[in-house]
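Text of structure.txt (compact mmCIF, C-alpha atoms and all ligand atoms) as supplied:
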```txt
# COMPACT_ATOMS: atom_id res chain seq x y z
CA MET A 26 -78.13 18.64 -130.29
CA ASP A 27 -78.89 18.16 -133.98
CA ARG A 28 -77.85 15.22 -136.16
CA LEU A 29 -74.95 17.07 -137.77
CA ASP A 30 -73.35 17.85 -134.46
CA THR A 31 -73.75 14.27 -133.27
CA SER A 32 -72.15 12.86 -136.44
CA ARG A 33 -69.30 15.33 -136.30
CA ARG A 34 -68.56 14.54 -132.68
CA ALA A 35 -68.63 10.81 -133.41
CA PHE A 36 -66.28 11.28 -136.36
CA LEU A 37 -63.85 13.32 -134.29
CA ARG A 38 -63.88 10.62 -131.63
CA GLY A 39 -63.13 7.96 -134.24
CA ARG A 40 -66.49 6.26 -133.83
CA LEU A 41 -67.51 6.53 -137.47
CA THR A 42 -66.06 4.17 -140.03
CA PRO A 43 -65.57 5.35 -143.60
CA PRO A 44 -68.32 4.30 -146.02
CA GLU A 45 -67.82 0.86 -147.57
CA PRO A 46 -66.80 0.81 -151.23
CA PRO A 47 -69.48 -0.45 -153.62
CA PRO A 48 -69.57 -4.24 -153.87
CA ILE A 49 -67.69 -5.95 -156.68
CA ARG A 50 -70.27 -8.01 -158.52
CA PRO A 51 -69.41 -11.35 -160.14
CA PRO A 52 -67.58 -11.17 -163.48
CA TRP A 53 -69.69 -10.22 -166.47
CA ALA A 54 -72.48 -8.99 -164.20
CA LYS A 55 -74.59 -6.35 -165.91
CA ALA A 56 -73.92 -2.78 -164.87
CA GLU A 57 -76.04 -1.53 -162.03
CA PRO A 58 -78.93 -0.91 -161.77
CA GLU A 59 -79.58 -3.49 -164.50
CA PHE A 60 -77.87 -6.13 -162.41
CA THR A 61 -79.94 -5.55 -159.28
CA THR A 62 -83.07 -5.34 -161.40
CA ALA A 63 -82.48 -8.73 -163.02
CA CYS A 64 -80.98 -10.54 -160.02
CA THR A 65 -83.65 -12.03 -157.74
CA ARG A 66 -81.16 -12.69 -154.92
CA CYS A 67 -81.85 -16.40 -155.38
CA GLN A 68 -78.20 -17.09 -154.39
CA ALA A 69 -77.78 -19.84 -157.01
CA CYS A 70 -74.42 -18.44 -158.09
CA LEU A 71 -72.87 -18.58 -154.63
CA PRO A 72 -72.46 -22.37 -154.27
CA ALA A 73 -71.77 -22.66 -158.01
CA CYS A 74 -68.45 -20.83 -157.68
CA PRO A 75 -65.70 -23.46 -157.37
CA ALA A 76 -63.32 -20.85 -156.03
CA GLY A 77 -65.70 -20.00 -153.19
CA ILE A 78 -65.25 -16.27 -153.60
CA LEU A 79 -68.91 -15.25 -153.92
CA ARG A 80 -70.87 -14.11 -150.89
CA LEU A 81 -73.78 -11.83 -150.19
CA ALA A 82 -73.10 -8.12 -150.00
CA ASN A 83 -74.86 -5.99 -147.42
CA ASP A 84 -77.53 -5.24 -150.01
CA GLY A 85 -78.37 -8.94 -150.35
CA TYR A 86 -77.00 -9.27 -153.88
CA PRO A 87 -73.90 -11.35 -154.67
CA GLN A 88 -70.43 -9.89 -154.57
CA VAL A 89 -66.90 -11.15 -155.10
CA ASP A 90 -64.71 -11.27 -151.99
CA PHE A 91 -61.10 -11.37 -153.11
CA SER A 92 -59.90 -11.98 -149.58
CA LEU A 93 -61.25 -15.51 -150.13
CA GLY A 94 -59.35 -16.20 -153.33
CA GLU A 95 -59.18 -15.41 -157.01
CA CYS A 96 -61.61 -15.58 -159.89
CA THR A 97 -60.60 -18.15 -162.50
CA PHE A 98 -63.16 -16.81 -165.00
CA CYS A 99 -64.70 -20.27 -165.19
CA ARG A 100 -68.16 -18.76 -165.84
CA ALA A 101 -69.92 -21.18 -163.49
CA CYS A 102 -71.70 -18.25 -161.83
CA ILE A 103 -73.10 -17.19 -165.19
CA ASP A 104 -74.23 -20.71 -165.99
CA ALA A 105 -76.02 -20.91 -162.62
CA CYS A 106 -78.01 -17.73 -163.21
CA THR A 107 -81.41 -18.23 -164.84
CA HIS A 108 -82.54 -14.62 -164.42
CA GLY A 109 -80.48 -12.78 -167.03
CA ALA A 110 -78.26 -10.87 -164.63
CA PHE A 111 -75.10 -11.38 -166.70
CA LEU A 112 -73.73 -10.13 -170.01
CA ALA A 113 -72.72 -12.54 -172.78
CA PRO A 114 -69.15 -13.37 -171.71
CA ASP A 115 -67.77 -13.62 -175.22
CA GLU A 116 -68.92 -10.10 -175.99
CA ALA A 117 -67.82 -8.12 -172.95
CA ARG A 118 -65.00 -7.63 -170.49
CA PRO A 119 -65.58 -9.43 -167.20
CA TRP A 120 -65.43 -6.20 -165.23
CA ASN A 121 -64.04 -2.72 -165.11
CA HIS A 122 -61.49 -2.98 -162.34
CA VAL A 123 -57.81 -3.78 -162.00
CA ALA A 124 -55.59 -4.27 -158.97
CA ALA A 125 -53.53 -1.47 -157.45
CA VAL A 126 -50.81 -1.54 -154.79
CA GLY A 127 -51.24 0.74 -151.79
CA ALA A 128 -48.92 2.33 -149.27
CA GLY A 129 -49.12 -0.70 -146.97
CA CYS A 130 -46.89 -2.78 -149.26
CA LEU A 131 -44.19 -4.41 -147.18
CA GLY A 132 -41.49 -3.32 -149.60
CA LEU A 133 -42.28 0.27 -148.68
CA GLN A 134 -41.98 -0.65 -144.99
CA GLY A 135 -38.51 -2.14 -145.37
CA VAL A 136 -39.59 -5.80 -145.57
CA TYR A 137 -38.81 -8.18 -148.42
CA CYS A 138 -41.88 -9.58 -150.20
CA ARG A 139 -42.75 -10.65 -153.73
CA SER A 140 -45.89 -12.67 -152.97
CA CYS A 141 -48.13 -10.78 -155.35
CA GLY A 142 -45.79 -11.23 -158.28
CA ASP A 143 -45.46 -14.94 -157.58
CA VAL A 144 -49.20 -15.55 -158.05
CA CYS A 145 -49.93 -13.23 -160.96
CA GLN A 146 -50.42 -15.55 -163.90
CA PRO A 147 -50.69 -12.83 -166.58
CA GLY A 148 -47.37 -11.38 -165.42
CA ALA A 149 -48.90 -7.97 -164.79
CA ILE A 150 -46.72 -7.26 -161.75
CA SER A 151 -43.14 -6.10 -162.12
CA PHE A 152 -40.74 -4.99 -159.42
CA GLY A 153 -38.51 -2.00 -159.12
CA PHE A 154 -36.08 -1.42 -156.29
CA GLY A 155 -36.36 1.40 -153.80
CA SER A 156 -33.63 3.12 -151.83
CA ARG A 157 -33.32 0.07 -149.55
CA ALA A 158 -32.87 -2.30 -152.50
CA LEU A 159 -36.13 -4.06 -151.65
CA PRO A 160 -38.60 -5.06 -154.39
CA ILE A 161 -41.47 -2.62 -154.88
CA PRO A 162 -44.32 -3.96 -157.05
CA SER A 163 -45.96 -2.12 -159.87
CA ILE A 164 -49.09 -3.35 -161.69
CA ASP A 165 -49.58 -2.84 -165.41
CA PRO A 166 -53.31 -2.01 -165.77
CA ALA A 167 -53.27 -3.08 -169.41
CA ALA A 168 -52.13 -6.60 -168.46
CA CYS A 169 -54.12 -7.03 -165.22
CA THR A 170 -57.26 -9.14 -165.59
CA GLY A 171 -58.62 -8.11 -162.18
CA CYS A 172 -58.61 -11.75 -161.06
CA GLY A 173 -57.70 -10.82 -157.49
CA ALA A 174 -55.06 -13.49 -156.94
CA CYS A 175 -52.62 -10.89 -155.68
CA ILE A 176 -55.16 -9.49 -153.21
CA ALA A 177 -55.57 -12.78 -151.37
CA ALA A 178 -51.82 -13.43 -151.52
CA CYS A 179 -50.69 -10.12 -150.05
CA PRO A 180 -49.72 -10.58 -146.40
CA ALA A 181 -50.14 -6.87 -145.75
CA ALA A 182 -53.59 -6.51 -147.36
CA ALA A 183 -51.99 -3.74 -149.38
CA ILE A 184 -53.70 -4.45 -152.71
CA SER A 185 -57.17 -3.28 -153.66
CA THR A 186 -59.19 -2.77 -156.80
CA VAL A 187 -59.55 0.48 -158.70
CA THR A 188 -61.46 1.25 -161.87
CA ALA A 189 -59.49 0.33 -164.97
CA THR A 190 -59.90 3.80 -166.40
CA SER A 191 -58.45 5.52 -163.32
CA ALA A 192 -55.49 3.10 -163.30
CA GLU A 193 -54.82 3.72 -166.99
CA ASP A 194 -55.00 7.47 -166.42
CA ALA A 195 -52.51 7.19 -163.54
CA ALA A 196 -50.15 5.13 -165.71
CA THR A 197 -49.97 7.76 -168.46
S1 LIG B 201 -66.23 -16.93 -162.96
FE1 LIG B 201 -65.96 -18.84 -161.74
S2 LIG B 201 -64.40 -18.33 -160.19
FE2 LIG B 201 -65.14 -16.37 -161.04
S3 LIG B 201 -66.81 -15.73 -159.63
FE3 LIG B 201 -67.79 -16.87 -161.33
S4 LIG B 201 -67.92 -18.99 -160.59
FE4 LIG B 201 -66.43 -17.92 -159.26
S1 LIG B 202 -47.70 -9.11 -151.79
FE1 LIG B 202 -48.33 -7.15 -150.84
S2 LIG B 202 -46.66 -6.64 -149.41
FE2 LIG B 202 -45.87 -8.24 -150.82
S3 LIG B 202 -44.85 -7.06 -152.48
FE3 LIG B 202 -46.97 -7.46 -153.15
S4 LIG B 202 -48.15 -5.61 -152.49
FE4 LIG B 202 -46.19 -5.61 -151.37
S1 LIG B 203 -55.52 -8.93 -160.16
FE1 LIG B 203 -54.71 -10.82 -161.09
S2 LIG B 203 -53.86 -10.17 -163.06
FE2 LIG B 203 -54.14 -8.31 -161.81
S3 LIG B 203 -52.13 -7.96 -160.85
FE3 LIG B 203 -53.40 -9.17 -159.42
S4 LIG B 203 -52.88 -11.31 -159.85
FE4 LIG B 203 -52.16 -10.10 -161.58
```

Written as structure tokens, how would this file's structure read?
Amino acid sequence: MDRLDTSRRAFLRGRLTPPEPPPIRPPWAKAEPEFTTACTRCQACLPACPAGILRLANDGYPQVDFSLGECTFCRACIDACTHGAFLAPDEARPWNHVAAVGAGCLGLQGVYCRSCGDVCQPGAISFGFGSRALPIPSIDPAACTGCGACIAACPAAAISTVTATSAEDAAT
């Protein structure tokens, strides 16, 4: 049996997991491949992060893990890097993602929850009310900083990141 048949059979049996999304690099990281060219994988930024949200991605380079907490944009990771892997923070956006609410939101399952809105400091999350009069969150991509506070706070793991441009397109 050839490789294609083996993969297809494994997929049909549920043995293949979907490909992982690309890692979210620390804020103000240069665009790839410039980032991975400059970064030596020295790991200096990992312990420098007071929020403890940096860890190694599968490729050995640092990534942000929003399940561990939020980015406060303190810039300690930039200060720890001596290899030029970051942009000048006063001249660039920290990254090109915003948060987006998925179908797993508890409000869509008939359960009351406003946890994401409670932690969103920029006030980017507003709530409408569905047919069951339960709050349903909506994220304004223009106000979202991509800090990830709502991702760690969501008890249903229903929030993920999307590119800012795709979120803005969806909002228009
Ligand atoms: S800016 Fe601060 S909180 Fe955000 S990843 Fe860097 S060190 Fe961590
Ligand atoms: S925290 Fe999660 S489950 Fe709760 S309202 Fe927000 S998206 Fe929905
Ligand atoms: S990522 Fe941060 S700014 Fe954006 S909606 Fe979530 S908590 Fe608010």

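Around stretch 46-58 of chain A, within 7 Å and counting all atoms listed in the file, the residues found are Ala82, Pro87, Gln88, Val89, Ala110, Phe111, Leu112, Pro114, Arg118, Pro119 and Trp120 of chain A, once anything fewer than 5 positions away on its own chain is removed.
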
Around the point (-52.2, -7.3, -159.2) in the file's coordinates, collect all residues with an atom within 7 Å, using only C-alpha atoms, and return them as a VMD selection string. chain A and resid 124 to 125 141 145 149 to 150 164 169 173 175

Mind checking which residues fall within 12 Å of A:Ser191, counting only C-alpha atoms, ignoring those fewer than 2 positions away in the same chain, and posting them as a ChimeraX atom specification? /A:121-125,166-167,186-189,193-197

Dump of C-alpha atoms for the selected residues, as a compact mmCIF listing (two decimals), in the frame of the given file:
```
# COMPACT_ATOMS: atom_id res chain seq x y z
CA ASN A 121 -64.04 -2.72 -165.11
CA HIS A 122 -61.49 -2.98 -162.34
CA VAL A 123 -57.81 -3.78 -162.00
CA ALA A 124 -55.59 -4.27 -158.97
CA ALA A 125 -53.53 -1.47 -157.45
CA PRO A 166 -53.31 -2.01 -165.77
CA ALA A 167 -53.27 -3.08 -169.41
CA THR A 186 -59.19 -2.77 -156.80
CA VAL A 187 -59.55 0.48 -158.70
CA THR A 188 -61.46 1.25 -161.87
CA ALA A 189 -59.49 0.33 -164.97
CA GLU A 193 -54.82 3.72 -166.99
CA ASP A 194 -55.00 7.47 -166.42
CA ALA A 195 -52.51 7.19 -163.54
CA ALA A 196 -50.15 5.13 -165.71
CA THR A 197 -49.97 7.76 -168.46
```

Could you list, as a ChimeraX atom specification, all protein and nucleic acid residues with an atom at most 9 Å from ligand LIG 202 (chain B), counting only C-alpha atoms and all ligand atoms? /A:125-134,136-143,150,152,160-163,175-184

Can you write out the residues you just picked, keeping C-alpha atoms, as an mmCIF file, keeping the file's coordinate frame?
```
data_model
loop_
_atom_site.group_PDB
_atom_site.id
_atom_site.type_symbol
_atom_site.label_atom_id
_atom_site.label_comp_id
_atom_site.auth_asym_id
_atom_site.auth_seq_id
_atom_site.Cartn_x
_atom_site.Cartn_y
_atom_site.Cartn_z
ATOM 1 C CA ALA A 125 -53.530 -1.470 -157.450
ATOM 2 C CA VAL A 126 -50.810 -1.540 -154.790
ATOM 3 C CA GLY A 127 -51.240 0.740 -151.790
ATOM 4 C CA ALA A 128 -48.920 2.330 -149.270
ATOM 5 C CA GLY A 129 -49.120 -0.700 -146.970
ATOM 6 C CA CYS A 130 -46.890 -2.780 -149.260
ATOM 7 C CA LEU A 131 -44.190 -4.410 -147.180
ATOM 8 C CA GLY A 132 -41.490 -3.320 -149.600
ATOM 9 C CA LEU A 133 -42.280 0.270 -148.680
ATOM 10 C CA GLN A 134 -41.980 -0.650 -144.990
ATOM 11 C CA VAL A 136 -39.590 -5.800 -145.570
ATOM 12 C CA TYR A 137 -38.810 -8.180 -148.420
ATOM 13 C CA CYS A 138 -41.880 -9.580 -150.200
ATOM 14 C CA ARG A 139 -42.750 -10.650 -153.730
ATOM 15 C CA SER A 140 -45.890 -12.670 -152.970
ATOM 16 C CA CYS A 141 -48.130 -10.780 -155.350
ATOM 17 C CA GLY A 142 -45.790 -11.230 -158.280
ATOM 18 C CA ASP A 143 -45.460 -14.940 -157.580
ATOM 19 C CA ILE A 150 -46.720 -7.260 -161.750
ATOM 20 C CA PHE A 152 -40.740 -4.990 -159.420
ATOM 21 C CA PRO A 160 -38.600 -5.060 -154.390
ATOM 22 C CA ILE A 161 -41.470 -2.620 -154.880
ATOM 23 C CA PRO A 162 -44.320 -3.960 -157.050
ATOM 24 C CA SER A 163 -45.960 -2.120 -159.870
ATOM 25 C CA CYS A 175 -52.620 -10.890 -155.680
ATOM 26 C CA ILE A 176 -55.160 -9.490 -153.210
ATOM 27 C CA ALA A 177 -55.570 -12.780 -151.370
ATOM 28 C CA ALA A 178 -51.820 -13.430 -151.520
ATOM 29 C CA CYS A 179 -50.690 -10.120 -150.050
ATOM 30 C CA PRO A 180 -49.720 -10.580 -146.400
ATOM 31 C CA ALA A 181 -50.140 -6.870 -145.750
ATOM 32 C CA ALA A 182 -53.590 -6.510 -147.360
ATOM 33 C CA ALA A 183 -51.990 -3.740 -149.380
ATOM 34 C CA ILE A 184 -53.700 -4.450 -152.710
#
```

Expressed in Å to a single decimal, how great is the separation between atom CA of A:Phe98 and atom S2 of ligand LIG 201 (chain B)? 5.2 Å

Please determine, counting only C-alpha atoms and all ligand atoms, which residue among A:Phe154, A:Ala113, A:Gln146, A:Asp104 has the shortest atom-to-atom distance to ligand LIG 201 (chain B). A:Asp104

Let me see if you get this right: every residue at most 9 Å from ligand LIG 201 (chain B), counting all atoms listed in the file, written as a PDB file with C-alpha atoms, in the frame of the given file.
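File part_20.pdb, as written:
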```pdb
ATOM      1  CA  ARG A  50     -70.270  -8.010-158.520  1.00  0.00           C
ATOM      2  CA  PRO A  51     -69.410 -11.350-160.140  1.00  0.00           C
ATOM      3  CA  PRO A  52     -67.580 -11.170-163.480  1.00  0.00           C
ATOM      4  CA  TRP A  53     -69.690 -10.220-166.470  1.00  0.00           C
ATOM      5  CA  CYS A  70     -74.420 -18.440-158.090  1.00  0.00           C
ATOM      6  CA  LEU A  71     -72.870 -18.580-154.630  1.00  0.00           C
ATOM      7  CA  PRO A  72     -72.460 -22.370-154.270  1.00  0.00           C
ATOM      8  CA  ALA A  73     -71.770 -22.660-158.010  1.00  0.00           C
ATOM      9  CA  CYS A  74     -68.450 -20.830-157.680  1.00  0.00           C
ATOM     10  CA  PRO A  75     -65.700 -23.460-157.370  1.00  0.00           C
ATOM     11  CA  ALA A  76     -63.320 -20.850-156.030  1.00  0.00           C
ATOM     12  CA  GLY A  77     -65.700 -20.000-153.190  1.00  0.00           C
ATOM     13  CA  ILE A  78     -65.250 -16.270-153.600  1.00  0.00           C
ATOM     14  CA  LEU A  79     -68.910 -15.250-153.920  1.00  0.00           C
ATOM     15  CA  GLN A  88     -70.430  -9.890-154.570  1.00  0.00           C
ATOM     16  CA  VAL A  89     -66.900 -11.150-155.100  1.00  0.00           C
ATOM     17  CA  GLY A  94     -59.350 -16.200-153.330  1.00  0.00           C
ATOM     18  CA  GLU A  95     -59.180 -15.410-157.010  1.00  0.00           C
ATOM     19  CA  CYS A  96     -61.610 -15.580-159.890  1.00  0.00           C
ATOM     20  CA  THR A  97     -60.600 -18.150-162.500  1.00  0.00           C
ATOM     21  CA  PHE A  98     -63.160 -16.810-165.000  1.00  0.00           C
ATOM     22  CA  CYS A  99     -64.700 -20.270-165.190  1.00  0.00           C
ATOM     23  CA  ARG A 100     -68.160 -18.760-165.840  1.00  0.00           C
ATOM     24  CA  ALA A 101     -69.920 -21.180-163.490  1.00  0.00           C
ATOM     25  CA  CYS A 102     -71.700 -18.250-161.830  1.00  0.00           C
ATOM     26  CA  ILE A 103     -73.100 -17.190-165.190  1.00  0.00           C
ATOM     27  CA  ASP A 104     -74.230 -20.710-165.990  1.00  0.00           C
ATOM     28  CA  ALA A 105     -76.020 -20.910-162.620  1.00  0.00           C
ATOM     29  CA  PRO A 119     -65.580  -9.430-167.200  1.00  0.00           C
ATOM     30  CA  CYS A 172     -58.610 -11.750-161.060  1.00  0.00           C
TER      31      CYS A 172
END
```

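For the atom pair formed by atom CA of A:Ala192 and atom CA of A:Gly148, the distance is 16.7 Å, given to one decimal.
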